[in-house]
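Trainee: Just start_31.cif, nothing more (mmCIF, C-alpha atoms):
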```cif
data_model
loop_
_atom_site.label_atom_id
_atom_site.label_comp_id
_atom_site.auth_asym_id
_atom_site.auth_seq_id
_atom_site.Cartn_x
_atom_site.Cartn_y
_atom_site.Cartn_z
CA MET A 1 0.00 0.00 0.00
CA ASN A 2 1.39 3.36 -1.01
CA GLY A 3 1.80 5.56 2.05
CA SER A 4 1.00 8.84 0.33
CA LYS A 5 -2.07 7.50 -1.40
CA HIS A 6 -3.65 5.45 1.36
CA GLY A 7 -1.58 5.45 4.52
CA LYS A 8 -1.65 9.20 5.22
CA PRO A 9 -5.45 9.55 5.17
CA VAL A 10 -5.71 6.65 7.59
CA ARG A 11 -3.19 8.28 9.90
CA ASN A 12 -5.10 11.54 9.60
CA GLN A 13 -8.29 9.78 10.64
CA LEU A 14 -6.48 8.26 13.59
CA ARG A 15 -5.24 11.66 14.64
CA GLY A 16 -8.82 12.11 15.85
CA GLY A 17 -7.13 10.60 18.80
CA VAL A 18 -4.43 8.01 18.89
CA VAL A 19 -1.71 9.25 16.55
CA ALA A 20 -1.99 12.92 17.51
CA LEU A 21 -1.99 11.98 21.15
CA ALA A 22 1.09 9.85 20.66
CA LEU A 23 2.89 12.96 19.43
CA ALA A 24 1.57 14.90 22.39
CA ALA A 25 3.15 12.31 24.65
CA THR A 26 6.60 13.54 23.62
CA LEU A 27 5.87 17.13 24.64
CA PRO A 28 5.75 19.01 27.92
CA LEU A 29 2.25 18.89 29.38
CA PRO A 30 1.01 22.31 28.21
CA LEU A 31 2.08 21.48 24.67
CA ALA A 32 0.04 18.28 24.65
CA GLY A 33 -3.00 20.45 24.06
CA ALA A 34 -1.17 22.32 21.32
CA ALA A 35 -0.26 19.06 19.63
CA LEU A 36 -3.92 18.10 19.61
CA ALA A 37 -4.57 21.16 17.48
CA ALA A 38 -1.81 20.38 15.00
CA PRO A 39 -3.01 19.67 11.45
CA HIS A 40 -0.76 16.61 11.10
CA ALA A 41 0.21 14.24 13.84
CA ASP A 42 3.74 13.78 12.56
CA ARG A 43 4.51 17.49 12.35
CA ALA A 44 7.13 18.88 14.73
CA ALA A 45 5.91 20.91 17.68
CA PRO A 46 7.71 23.51 19.78
CA ALA A 47 9.97 22.24 22.51
CA ALA A 48 8.88 24.31 25.49
CA ALA A 49 6.10 26.44 26.88
CA PRO A 50 5.20 27.98 30.21
CA ALA A 51 3.58 25.58 32.62
CA ALA A 52 -0.21 25.63 32.84
CA PRO A 53 -1.56 27.26 35.99
CA ALA A 54 -2.14 24.60 38.63
CA ALA A 55 -5.49 26.11 39.58
CA ALA A 56 -6.62 27.20 36.13
CA THR A 57 -10.32 28.01 35.73
CA LEU A 58 -11.52 26.87 32.32
CA HIS A 59 -14.87 27.76 30.81
CA LEU A 60 -16.85 27.27 27.63
CA PRO A 61 -17.77 30.43 25.70
CA ARG A 62 -21.26 31.68 26.37
CA PRO A 63 -23.77 30.46 23.73
CA THR A 64 -25.07 33.15 21.40
CA GLY A 65 -28.67 31.98 20.84
CA PRO A 66 -31.86 33.31 22.43
CA TYR A 67 -32.61 30.20 24.49
CA ALA A 68 -31.22 29.08 27.81
CA VAL A 69 -29.67 25.60 27.63
CA GLY A 70 -30.70 22.50 29.53
CA ARG A 71 -28.86 19.19 29.72
CA ASP A 72 -30.24 15.94 31.03
CA THR A 73 -28.39 13.28 32.97
CA PRO A 74 -26.67 11.14 30.35
CA LEU A 75 -28.88 8.40 28.95
CA HIS A 76 -27.50 4.88 28.98
CA LEU A 77 -28.79 3.14 25.87
CA THR A 78 -28.31 -0.52 24.96
CA ASP A 79 -28.93 -1.86 21.46
CA LYS A 80 -29.84 -5.46 22.17
CA GLN A 81 -29.94 -6.22 18.44
CA ARG A 82 -26.17 -5.73 18.10
CA ARG A 83 -23.17 -7.17 19.93
CA ASP A 84 -20.31 -4.84 20.77
CA PRO A 85 -17.86 -4.96 17.83
CA TRP A 86 -14.70 -4.49 19.95
CA VAL A 87 -15.48 -6.57 23.05
CA PRO A 88 -18.02 -9.21 21.97
CA SER A 89 -17.96 -10.79 25.43
CA ALA A 90 -19.44 -7.55 26.81
CA GLY A 91 -22.72 -8.33 25.09
CA ALA A 92 -24.98 -5.70 23.56
CA ARG A 93 -23.71 -2.42 22.11
CA GLU A 94 -23.82 0.38 24.68
CA LEU A 95 -23.95 4.15 24.32
CA MET A 96 -23.92 7.14 26.64
CA VAL A 97 -25.92 10.12 25.38
CA SER A 98 -25.99 13.66 26.75
CA VAL A 99 -29.13 15.44 25.56
CA TYR A 100 -29.00 19.24 25.31
CA TYR A 101 -32.18 21.20 24.68
CA PRO A 102 -33.55 24.76 24.49
CA ALA A 103 -34.81 25.72 27.94
CA ARG A 104 -36.77 28.43 29.68
CA PRO A 105 -34.54 31.17 31.13
CA GLY A 106 -33.99 31.11 34.87
CA THR A 107 -34.88 27.44 35.31
CA GLY A 108 -32.69 24.52 36.28
CA HIS A 109 -30.43 23.79 39.18
CA HIS A 110 -26.68 23.48 38.74
CA SER A 111 -24.34 23.88 35.79
CA ALA A 112 -23.97 20.56 34.03
CA PRO A 113 -20.59 18.87 34.65
CA TYR A 114 -18.03 18.74 31.84
CA LEU A 115 -16.19 15.49 32.68
CA ASN A 116 -15.65 13.53 35.83
CA THR A 117 -12.13 13.52 37.20
CA LYS A 118 -11.50 9.91 36.22
CA GLU A 119 -12.45 10.61 32.61
CA ALA A 120 -10.18 13.66 32.55
CA GLN A 121 -7.32 11.66 34.05
CA LEU A 122 -7.71 8.96 31.41
CA LEU A 123 -7.65 11.54 28.65
CA LEU A 124 -4.37 12.90 30.02
CA GLN A 125 -2.99 9.40 30.55
CA GLY A 126 -3.79 8.74 26.92
CA ILE A 127 -1.15 11.32 26.06
CA HIS A 128 1.17 9.91 28.76
CA ARG A 129 0.99 13.05 30.86
CA ALA A 130 -1.01 12.24 33.98
CA ASP A 131 -1.25 15.49 35.94
CA ALA A 132 -3.71 15.64 38.82
CA PRO A 133 -4.14 19.46 39.02
CA LEU A 134 -4.74 19.80 35.29
CA ALA A 135 -7.10 16.83 35.25
CA LYS A 136 -9.09 18.42 38.05
CA ALA A 137 -9.18 21.77 36.23
CA PHE A 138 -10.22 20.12 32.96
CA ALA A 139 -12.97 18.12 34.65
CA ALA A 140 -14.24 21.30 36.32
CA THR A 141 -14.60 23.29 33.09
CA ARG A 142 -17.51 25.66 33.53
CA THR A 143 -20.47 25.01 31.27
CA HIS A 144 -23.65 26.99 30.57
CA ALA A 145 -26.12 24.10 30.38
CA ARG A 146 -28.28 23.66 33.47
CA THR A 147 -29.53 20.41 34.94
CA ASP A 148 -33.31 19.98 35.30
CA ALA A 149 -34.06 23.11 33.30
CA ARG A 150 -37.63 23.38 32.04
CA PRO A 151 -37.85 22.86 28.28
CA ALA A 152 -38.81 25.66 25.96
CA PRO A 153 -42.27 25.28 24.41
CA GLY A 154 -42.84 23.88 20.94
CA THR A 155 -41.04 21.28 18.86
CA HIS A 156 -37.45 21.59 17.74
CA PRO A 157 -35.06 20.01 15.23
CA LEU A 158 -32.77 17.24 16.44
CA VAL A 159 -29.03 17.08 15.71
CA VAL A 160 -26.98 14.00 16.60
CA LEU A 161 -23.24 14.57 17.22
CA SER A 162 -20.44 11.99 17.26
CA PRO A 163 -16.92 12.83 18.53
CA GLY A 164 -13.48 11.99 17.16
CA PHE A 165 -11.85 8.61 17.62
CA SER A 166 -10.56 8.15 21.20
CA LEU A 167 -12.21 11.39 22.33
CA HIS A 168 -14.91 11.77 24.98
CA ARG A 169 -18.21 13.28 23.89
CA ALA A 170 -17.49 16.27 26.17
CA THR A 171 -15.08 17.60 23.53
CA LEU A 172 -18.12 18.70 21.50
CA SER A 173 -19.80 20.50 24.41
CA LEU A 174 -19.28 24.01 23.05
CA LEU A 175 -21.07 23.13 19.81
CA SER A 176 -23.84 21.28 21.66
CA GLU A 177 -24.58 24.25 23.91
CA GLU A 178 -24.52 26.63 20.95
CA LEU A 179 -26.98 24.60 18.92
CA ALA A 180 -29.32 24.16 21.89
CA SER A 181 -29.26 27.93 22.48
CA HIS A 182 -30.53 28.36 18.91
CA GLY A 183 -33.45 25.99 19.38
CA TYR A 184 -32.05 22.53 18.63
CA VAL A 185 -32.26 19.36 20.64
CA VAL A 186 -28.78 17.82 20.54
CA ALA A 187 -27.95 14.17 21.23
CA LEU A 188 -24.21 13.98 21.94
CA LEU A 189 -22.92 10.40 21.82
CA ASP A 190 -20.19 8.33 23.43
CA HIS A 191 -19.61 4.97 21.76
CA ALA A 192 -18.50 2.12 24.03
CA TYR A 193 -14.80 1.20 23.93
CA GLU A 194 -14.00 4.04 21.50
CA SER A 195 -12.73 6.73 23.90
CA PHE A 196 -9.80 6.87 26.31
CA GLY A 197 -12.29 6.73 29.13
CA THR A 198 -16.07 7.09 29.48
CA ALA A 199 -18.12 6.43 32.59
CA PHE A 200 -20.94 3.89 32.22
CA PRO A 201 -23.46 2.73 34.83
CA GLY A 202 -22.41 0.27 37.47
CA GLY A 203 -19.20 2.10 38.32
CA ARG A 204 -17.61 1.09 35.01
CA THR A 205 -15.23 3.30 33.06
CA LEU A 206 -14.77 1.84 29.57
CA THR A 207 -11.49 2.52 27.79
CA CYS A 208 -10.46 2.54 24.14
CA VAL A 209 -10.19 -1.09 23.10
CA ALA A 210 -10.89 0.02 19.52
CA CYS A 211 -7.84 2.31 19.62
CA ASP A 212 -5.59 -0.58 20.59
CA THR A 213 -7.12 -2.78 17.90
CA VAL A 214 -6.55 -0.22 15.14
CA GLU A 215 -3.07 0.81 16.28
CA LYS A 216 -1.85 -2.81 16.40
CA ALA A 217 -3.26 -3.68 12.98
CA PRO A 218 -1.06 -3.70 9.85
CA GLU A 219 -1.32 -0.53 7.80
CA GLY A 220 -3.30 -2.35 5.14
CA ALA A 221 -5.95 -3.31 7.67
CA GLN A 222 -6.24 0.07 9.40
CA LYS A 223 -8.40 1.63 6.70
CA ARG A 224 -10.83 -1.31 6.85
CA LEU A 225 -10.98 -1.03 10.63
CA MET A 226 -11.65 2.71 10.48
CA ALA A 227 -14.45 2.04 8.00
CA LYS A 228 -15.79 -0.42 10.58
CA VAL A 229 -15.69 2.35 13.20
CA ALA A 230 -17.62 4.71 10.90
CA THR A 231 -20.31 2.23 9.90
CA GLY A 232 -20.68 1.01 13.48
CA ARG A 233 -21.20 4.57 14.65
CA ALA A 234 -23.69 5.12 11.83
CA ALA A 235 -25.70 2.21 13.25
CA ASP A 236 -25.40 3.84 16.68
CA ILE A 237 -26.80 7.11 15.32
CA ARG A 238 -29.74 5.33 13.72
CA PHE A 239 -30.44 3.44 16.94
CA VAL A 240 -30.44 6.70 18.92
CA LEU A 241 -32.92 8.17 16.44
CA ASP A 242 -35.15 5.14 16.92
CA VAL A 243 -35.04 5.51 20.69
CA LEU A 244 -35.47 9.28 20.91
CA THR A 245 -38.26 9.56 18.35
CA LYS A 246 -40.25 6.43 19.23
CA GLN A 247 -43.70 7.07 20.62
CA SER A 248 -43.94 5.57 24.11
CA ARG A 249 -46.48 2.84 24.68
CA PRO A 250 -49.29 3.43 27.18
CA GLY A 251 -47.94 3.16 30.70
CA LYS A 252 -44.30 3.18 29.54
CA GLN A 253 -42.00 6.17 29.87
CA PRO A 254 -40.04 7.30 26.79
CA ALA A 255 -36.26 6.89 26.87
CA TRP A 256 -35.94 10.66 27.14
CA ARG A 257 -38.56 12.45 29.20
CA TYR A 258 -38.81 15.43 26.82
CA SER A 259 -38.93 13.44 23.60
CA ALA A 260 -42.12 15.27 22.59
CA MET A 261 -39.88 18.31 21.96
CA ILE A 262 -38.33 16.65 18.92
CA ASP A 263 -39.62 17.46 15.46
CA THR A 264 -39.04 14.13 13.73
CA ARG A 265 -39.26 15.76 10.29
CA ARG A 266 -36.14 17.86 10.96
CA ILE A 267 -33.15 15.72 11.89
CA GLY A 268 -29.46 16.34 11.22
CA ALA A 269 -26.19 14.58 11.99
CA ALA A 270 -22.64 15.86 12.35
CA GLY A 271 -19.36 14.80 13.83
CA HIS A 272 -15.66 15.43 14.18
CA SER A 273 -13.10 13.22 12.44
CA ILE A 274 -14.46 9.64 12.29
CA GLY A 275 -17.68 11.05 13.75
CA GLY A 276 -18.09 13.15 10.61
CA ASN A 277 -17.62 10.10 8.43
CA ALA A 278 -20.23 8.35 10.58
CA ALA A 279 -22.69 11.20 10.01
CA ALA A 280 -22.41 10.70 6.24
CA ALA A 281 -22.71 6.91 6.57
CA ALA A 282 -25.80 7.32 8.72
CA MET A 283 -27.36 9.65 6.14
CA ALA A 284 -26.67 7.16 3.39
CA ALA A 285 -28.55 4.49 5.34
CA ASP A 286 -31.36 6.54 6.88
CA PRO A 287 -33.67 8.95 5.02
CA ARG A 288 -34.79 10.50 8.32
CA ILE A 289 -31.51 12.43 8.44
CA ARG A 290 -32.10 15.51 6.31
CA ALA A 291 -28.68 17.23 6.53
CA GLY A 292 -25.15 16.36 7.62
CA ILE A 293 -21.68 17.72 8.37
CA ASN A 294 -18.23 16.17 8.38
CA MET A 295 -15.71 18.19 10.40
CA ASP A 296 -12.25 17.20 9.16
CA GLY A 297 -12.82 13.46 8.98
CA THR A 298 -11.44 11.13 6.32
CA PHE A 299 -14.18 9.18 4.52
CA SER A 300 -12.89 5.71 5.38
CA ALA A 301 -16.45 4.56 4.69
CA PRO A 302 -17.07 6.30 1.34
CA VAL A 303 -20.14 8.23 0.29
CA PRO A 304 -22.20 5.90 -1.96
CA ARG A 305 -21.78 6.32 -5.70
CA GLY A 306 -25.43 7.34 -5.92
CA GLY A 307 -24.95 10.17 -3.44
CA LEU A 308 -27.27 11.08 -0.57
CA ASP A 309 -30.58 11.42 -2.43
CA GLY A 310 -30.11 15.14 -2.96
CA ARG A 311 -29.78 15.98 0.76
CA PRO A 312 -27.42 18.79 1.82
CA PHE A 313 -23.98 18.12 3.22
CA LEU A 314 -21.19 20.37 4.52
CA LEU A 315 -17.47 19.58 4.48
CA LEU A 316 -15.65 21.72 7.06
CA GLY A 317 -11.94 21.05 7.41
CA THR A 318 -8.40 22.30 7.59
CA LEU A 319 -6.76 24.11 4.69
CA ASN A 320 -3.60 22.09 5.27
CA GLY A 321 -5.12 18.64 5.28
CA HIS A 322 -8.44 18.75 3.44
CA SER A 323 -7.95 20.99 0.44
CA PRO A 324 -8.89 19.57 -2.99
CA HIS A 325 -5.36 18.48 -3.84
CA ASP A 326 -4.39 17.20 -0.39
CA GLU A 327 -3.24 13.62 0.09
CA ASP A 328 -6.63 12.69 1.54
CA ALA A 329 -8.37 12.00 -1.75
CA SER A 330 -11.49 10.79 0.04
CA TRP A 331 -12.87 14.34 0.27
CA LEU A 332 -12.60 14.93 -3.47
CA ARG A 333 -14.27 11.57 -4.13
CA ALA A 334 -17.03 12.40 -1.65
CA TRP A 335 -17.50 15.87 -3.15
CA ARG A 336 -18.07 14.43 -6.61
CA ARG A 337 -20.66 11.99 -5.25
CA LEU A 338 -22.62 14.49 -3.14
CA ASP A 339 -25.71 15.22 -5.19
CA GLY A 340 -27.51 17.93 -3.22
CA TRP A 341 -26.67 21.35 -1.82
CA LYS A 342 -23.03 21.17 -0.74
CA ARG A 343 -20.18 23.31 0.47
CA TRP A 344 -16.50 22.51 0.95
CA LEU A 345 -14.98 24.94 3.44
CA THR A 346 -11.39 24.93 4.63
CA VAL A 347 -10.01 26.99 7.49
CA ARG A 348 -6.62 28.67 7.23
CA ASP A 349 -4.15 28.14 10.12
CA ALA A 350 -6.42 25.43 11.55
CA GLY A 351 -5.50 22.04 12.98
CA HIS A 352 -7.48 18.82 13.14
CA PHE A 353 -8.78 19.73 16.59
CA THR A 354 -9.84 23.25 15.62
CA PHE A 355 -13.46 22.10 15.45
CA ILE A 356 -13.78 20.86 19.05
CA ASP A 357 -13.33 22.28 22.55
CA LEU A 358 -9.65 21.52 23.11
CA PRO A 359 -8.10 24.55 21.33
CA VAL A 360 -10.63 26.83 23.03
CA LEU A 361 -9.71 25.52 26.48
CA GLY A 362 -6.01 25.36 25.59
CA GLY A 363 -6.11 29.01 24.57
CA GLN A 364 -7.29 29.89 28.06
CA LEU A 365 -4.05 28.33 29.34
CA GLY A 366 -1.97 30.41 26.96
CA ILE A 367 -1.21 27.48 24.67
CA ILE A 368 -0.31 28.46 21.11
CA ASP A 369 0.78 25.91 18.54
CA PRO A 370 2.80 27.58 15.74
CA THR A 371 1.87 24.78 13.33
CA ALA A 372 -1.84 25.60 13.82
CA PRO A 373 -1.82 29.24 14.95
CA LEU A 374 -5.54 29.94 14.66
CA PRO A 375 -6.44 31.25 18.14
CA GLY A 376 -8.63 29.03 20.25
CA LYS A 377 -11.29 31.71 20.52
CA ARG A 378 -11.55 31.96 16.72
CA SER A 379 -11.61 28.17 16.42
CA GLY A 380 -14.75 28.07 18.54
CA GLU A 381 -16.38 31.01 16.77
CA ILE A 382 -15.85 29.61 13.27
CA THR A 383 -17.13 26.15 14.16
CA ARG A 384 -20.11 27.54 16.06
CA ASP A 385 -21.12 30.01 13.36
CA TYR A 386 -20.85 27.81 10.27
CA VAL A 387 -22.37 24.67 11.79
CA THR A 388 -25.32 26.60 13.20
CA ALA A 389 -25.82 28.48 9.93
CA PHE A 390 -25.88 25.20 8.00
CA PHE A 391 -28.53 23.59 10.18
CA ASP A 392 -30.54 26.82 10.35
CA GLN A 393 -30.73 26.91 6.57
CA HIS A 394 -31.41 23.22 5.98
CA LEU A 395 -33.46 22.17 8.99
CA ARG A 396 -35.24 25.44 9.80
CA GLY A 397 -35.51 27.00 6.33
CA LEU A 398 -33.74 30.18 7.40
CA PRO A 399 -31.51 31.71 4.68
CA ARG A 400 -27.95 32.14 5.94
CA PRO A 401 -25.80 34.34 3.66
CA LEU A 402 -22.73 33.17 5.59
CA LEU A 403 -22.90 30.00 3.50
CA ASN A 404 -23.04 31.82 0.16
CA GLY A 405 -19.36 32.70 -0.11
CA PRO A 406 -16.32 34.25 1.56
CA SER A 407 -16.94 36.99 4.09
CA ALA A 408 -14.75 39.79 5.42
CA ALA A 409 -15.71 38.79 8.95
CA ASN A 410 -14.22 35.32 8.44
CA PRO A 411 -11.08 35.71 6.31
CA GLU A 412 -9.78 32.34 7.55
CA VAL A 413 -12.60 30.43 5.85
CA LEU A 414 -12.07 29.52 2.19
CA PHE A 415 -14.76 28.16 -0.14
CA GLN A 416 -13.43 25.34 -2.31
CA ASN A 417 -15.07 24.42 -5.62
CA PRO A 418 -12.92 21.82 -7.39
#
```
So, in terms of structure tokens, how does the structure I just supplied come out?

Mentor:
Amino acid sequence: MNGSKHGKPVRNQLRGGVVALALAATLPLPLAGAALAAPHADRAAPAAAPAAPAAATLHLPRPTGPYAVGRDTPLHLTDKQRRDPWVPSAGARELMVSVYYPARPGTGHHSAPYLNTKEAQLLLQGIHRADAPLAKAFAATRTHARTDARPAPGTHPLVVLSPGFSLHRATLSLLSEELASHGYVVALLDHAYESFGTAFPGGRTLTCVACDTVEKAPEGAQKRLMAKVATGRAADIRFVLDVLTKQSRPGKQPAWRYSAMIDTRRIGAAGHSIGGNAAAAAMAADPRIRAGINMDGTFSAPVPRGGLDGRPFLLLGTLNGHSPHDEDASWLRAWRRLDGWKRWLTVRDAGHFTFIDLPVLGGQLGIIDPTAPLPGKRSGEITRDYVTAFFDQHLRGLPRPLLNGPSAANPEVLFQNP
């Protein structure tokens, strides 16, 4: 297998966790976060940086929409029709789902937690830099979602989000809160055995067996395994749609207590890295999903030759990594097969992790990666604005000129049209 033709895209997909984090393991702790933002896992990073404050206070940016944000206790869902693909002896496929929703202002109790300390520790251990003060600070990141908030009236579109490979669902919290503040119900998923550490009921914390499986596989098998990750997650997304939109039988509670909020005619899917590939795979298999987004993920599971039945899809990625003539040819192939409204946007000075929370939180610690110098604050703003605009236009029917072409307010964002 030719490394430039096939191997590099697979490594890029893995940098949604394992490979990028392996690089981070060679750096001083503060630079681990910078390495996560780097556009290529094998790119050199700076050798030193000031130590992160031991008692740093991290926070998510305030959502910009008109609604307050509620978040329910994570749902534990079990698909009894499928056995776990990574640990068959574990039995049925399991998921953890955080549900964000538009809420009435002034309601709710406490701010929803970001991570528990064990999950934060495992994330840091994944980059071989266990640091108790930083793990505690990361776990304590301040959020804006409130527990037990009263839902806003009416029905609302649903967006399902899937994180990058090896990453906890919390890394898409900023985007989840933003979408909920604009009137979306958001189901944010964790897939069993596909993150460095996710808490499940019964005192269990499941670790990334899938990461070990892929990393140990020969290069020729890695692409097939990553396609397996994407298609497995696509099945997870479809299962979550079944559960959240199913009408409860008399005398039986729905899986989510506010499921009546969901407008089942307006459903979208998006994800980061392999999660973005999964969003496309789920669309290909499920006509309920009306619009989708891939944020910087290689299409290990390709878009079907027949396209997505004319449904809209957004490609949002790095300029140095997912431009039309980059080594990852899967985006150009997908672009040619997409048969509905489509945009291919690349972000200048961005890294693979630009589209999640880590650069935003790293920026608050003064972390700057010269190989991906887009400031963390701008990373969050660009992701928030373009993803929300896309779903507003295609799930709510609201014209969003931001999607029509380049804008002076966002000079980093380039519109590709190969």

Trainee: Check the smallest atom-to-atom distance from each of A:Ile267, A:Pro63, A:Asp236, A:Gly376 to Arg83 (chain A) using all atoms listed in the file, then report the winner.

Mentor: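 Residue with the minimum atom-to-atom distance to Arg83 (chain A): A:Asp236.
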
Trainee: For a test of reading the model, state the distance in Å between CA of Arg337 (chain A) and CA of Arg305 (chain A), rounded to one decimal.

Mentor: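 Those two atoms sit 5.8 Å apart.
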
Trainee: From the list A:Ala235, A:Ala135, A:Val387, A:Leu60, which residue is nearest Arg93 (chain A) when using only C-alpha atoms?

Mentor: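 Among the listed residues, the smallest separation from Arg93 (chain A) belongs to A:Ala235.
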
Trainee: Just give me the gap between CA of Glu327 (chain A) and CA of Leu403 (chain A) in Å, one decimal is fine.

Mentor: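 CA of Glu327 (chain A) sits 25.8 Å away from CA of Leu403 (chain A).
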
Trainee: Where does the PyMOL selection byres ((chain A and resi 171-185) around 9) land in this file, that is, which residues does it pick, as a compact mmCIF listing (two decimals) with C-alpha atoms, keeping the file's coordinate frame?

Mentor:
```txt
# COMPACT_ATOMS: atom_id res chain seq x y z
CA LEU A 60 -16.85 27.27 27.63
CA PRO A 61 -17.77 30.43 25.70
CA ARG A 62 -21.26 31.68 26.37
CA PRO A 63 -23.77 30.46 23.73
CA THR A 64 -25.07 33.15 21.40
CA GLY A 65 -28.67 31.98 20.84
CA PRO A 66 -31.86 33.31 22.43
CA TYR A 67 -32.61 30.20 24.49
CA ALA A 68 -31.22 29.08 27.81
CA VAL A 69 -29.67 25.60 27.63
CA GLY A 70 -30.70 22.50 29.53
CA ARG A 71 -28.86 19.19 29.72
CA VAL A 99 -29.13 15.44 25.56
CA TYR A 100 -29.00 19.24 25.31
CA TYR A 101 -32.18 21.20 24.68
CA PRO A 102 -33.55 24.76 24.49
CA ALA A 103 -34.81 25.72 27.94
CA TYR A 114 -18.03 18.74 31.84
CA THR A 143 -20.47 25.01 31.27
CA HIS A 144 -23.65 26.99 30.57
CA ALA A 145 -26.12 24.10 30.38
CA ALA A 152 -38.81 25.66 25.96
CA THR A 155 -41.04 21.28 18.86
CA HIS A 156 -37.45 21.59 17.74
CA PRO A 157 -35.06 20.01 15.23
CA LEU A 158 -32.77 17.24 16.44
CA VAL A 159 -29.03 17.08 15.71
CA VAL A 160 -26.98 14.00 16.60
CA LEU A 161 -23.24 14.57 17.22
CA SER A 162 -20.44 11.99 17.26
CA PRO A 163 -16.92 12.83 18.53
CA GLY A 164 -13.48 11.99 17.16
CA LEU A 167 -12.21 11.39 22.33
CA HIS A 168 -14.91 11.77 24.98
CA ARG A 169 -18.21 13.28 23.89
CA ALA A 170 -17.49 16.27 26.17
CA VAL A 186 -28.78 17.82 20.54
CA ALA A 187 -27.95 14.17 21.23
CA LEU A 188 -24.21 13.98 21.94
CA MET A 261 -39.88 18.31 21.96
CA ILE A 262 -38.33 16.65 18.92
CA GLY A 271 -19.36 14.80 13.83
CA HIS A 272 -15.66 15.43 14.18
CA PHE A 355 -13.46 22.10 15.45
CA ILE A 356 -13.78 20.86 19.05
CA ASP A 357 -13.33 22.28 22.55
CA LEU A 358 -9.65 21.52 23.11
CA GLY A 380 -14.75 28.07 18.54
CA THR A 383 -17.13 26.15 14.16
CA ARG A 384 -20.11 27.54 16.06
CA ASP A 385 -21.12 30.01 13.36
CA VAL A 387 -22.37 24.67 11.79
CA THR A 388 -25.32 26.60 13.20
CA PHE A 391 -28.53 23.59 10.18
CA ASP A 392 -30.54 26.82 10.35
```

Trainee: If we count all atoms listed in the file, what is near Asn116 (chain A) at a cut-off of 10 Å, once residues fewer than 2 positions away on the same chain are taken out, given as a list in words?

Mentor: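 In the requested format, the answer is Pro113, Tyr114, Lys118, Glu119, Ala120, Gln121, Ala135, Lys136, Phe138, Ala139, Ala140, Thr198 and Ala199 of chain A.
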
Trainee: Counting only C-alpha atoms, which residue out of A:Pro153, A:Gly397, A:Pro74, A:Gly275 sits closest to Leu95 (chain A)?

Mentor: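 Counting only C-alpha atoms, the residue closest to Leu95 (chain A) is A:Pro74.
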
Trainee: Build an axis-aligned box that encloses every atom of region 252-261 of chain A listed in the file, pad it by 8 Å on each side, and report its centre and edge lengths in Å to one decimal, as JSON.

Mentor:
```
{"center_x": -40.1, "center_y": 10.7, "center_z": 25.9, "size_x": 24.4, "size_y": 31.1, "size_z": 23.9}
```

Trainee: In Å, how far is it from CA of Phe353 (chain A) to CA of Phe299 (chain A)?

Mentor: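 Atom-to-atom, CA of Phe353 (chain A) to CA of Phe299 (chain A), that is 16.9 Å.
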
Trainee: Hey, which of A:Thr207, A:Asn294, A:Asn277, A:Ser407 ends up closest to Gly232 (chain A)? Count all atoms listed in the file.

Mentor: A:Asn277

Trainee: Do a neighbour search on His109 (chain A) at 7 Å with only C-alpha atoms, toss out local chain neighbours closer than 4 positions, and write the hits as an MDAnalysis selection string.

Mentor: chainID A and resid 146:149

Trainee: Which of these, A:His394, A:His352, A:Lys228, A:Arg204, has the shortest distance to Ile289 (chain A) once you count only C-alpha atoms?

Mentor: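 For Ile289 (chain A), the nearest of the given residues is A:His394.
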
Trainee: When the PyMOL selection byres ((chain A and resi 96) around 7) is applied to the structure above, which residues does it catch, written out as a list in words?

Mentor: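 Evaluating the PyMOL selection byres ((chain A and resi 96) around 7) on this file yields Pro74, Leu75, His76, Leu77, Leu95, Val97, Ser98, Leu189, Asp190 and His191 of chain A.
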
Trainee: Kindly resolve the PyMOL selection byres ((chain A and resi 210) around 8) on the present coordinates and return the residues as number ranges by chain.

Mentor: A: 86, 193-194, 208-209, 211-214

Trainee: Excluding same-chain residues fewer than 6 positions from Ala281 (chain A), what lies within 7 Å of it counting all atoms listed in the file, as JSON, numbers by chain?

Mentor: {"A": [231, 234, 301, 303]}

Trainee: Do you know which residues lie at most 8 Å from (-16.1, 16.0, 9.0), with coordinates as in the file and all atoms listed in the file counted, and could you write them as a PyMOL selection string?

Mentor: chain A and resi 270-277+293-298+315-317

Trainee: Given all atoms listed in the file as the basis, pick out the residue of A:Pro373, A:Thr245, A:Asp84, A:Ser166 nearest to Phe196 (chain A).

Mentor: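 Once distances to Phe196 (chain A) are computed over all atoms listed in the file, the minimum belongs to A:Ser166.
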
Trainee: Applying 9 Å and only C-alpha atoms, which residues near Val243 (chain A) remain after dropping the ones on its own chain fewer than 3 positions away? List them as a PyMOL selection string.

Mentor: chain A and resi 77+238-240+246-247+254-256
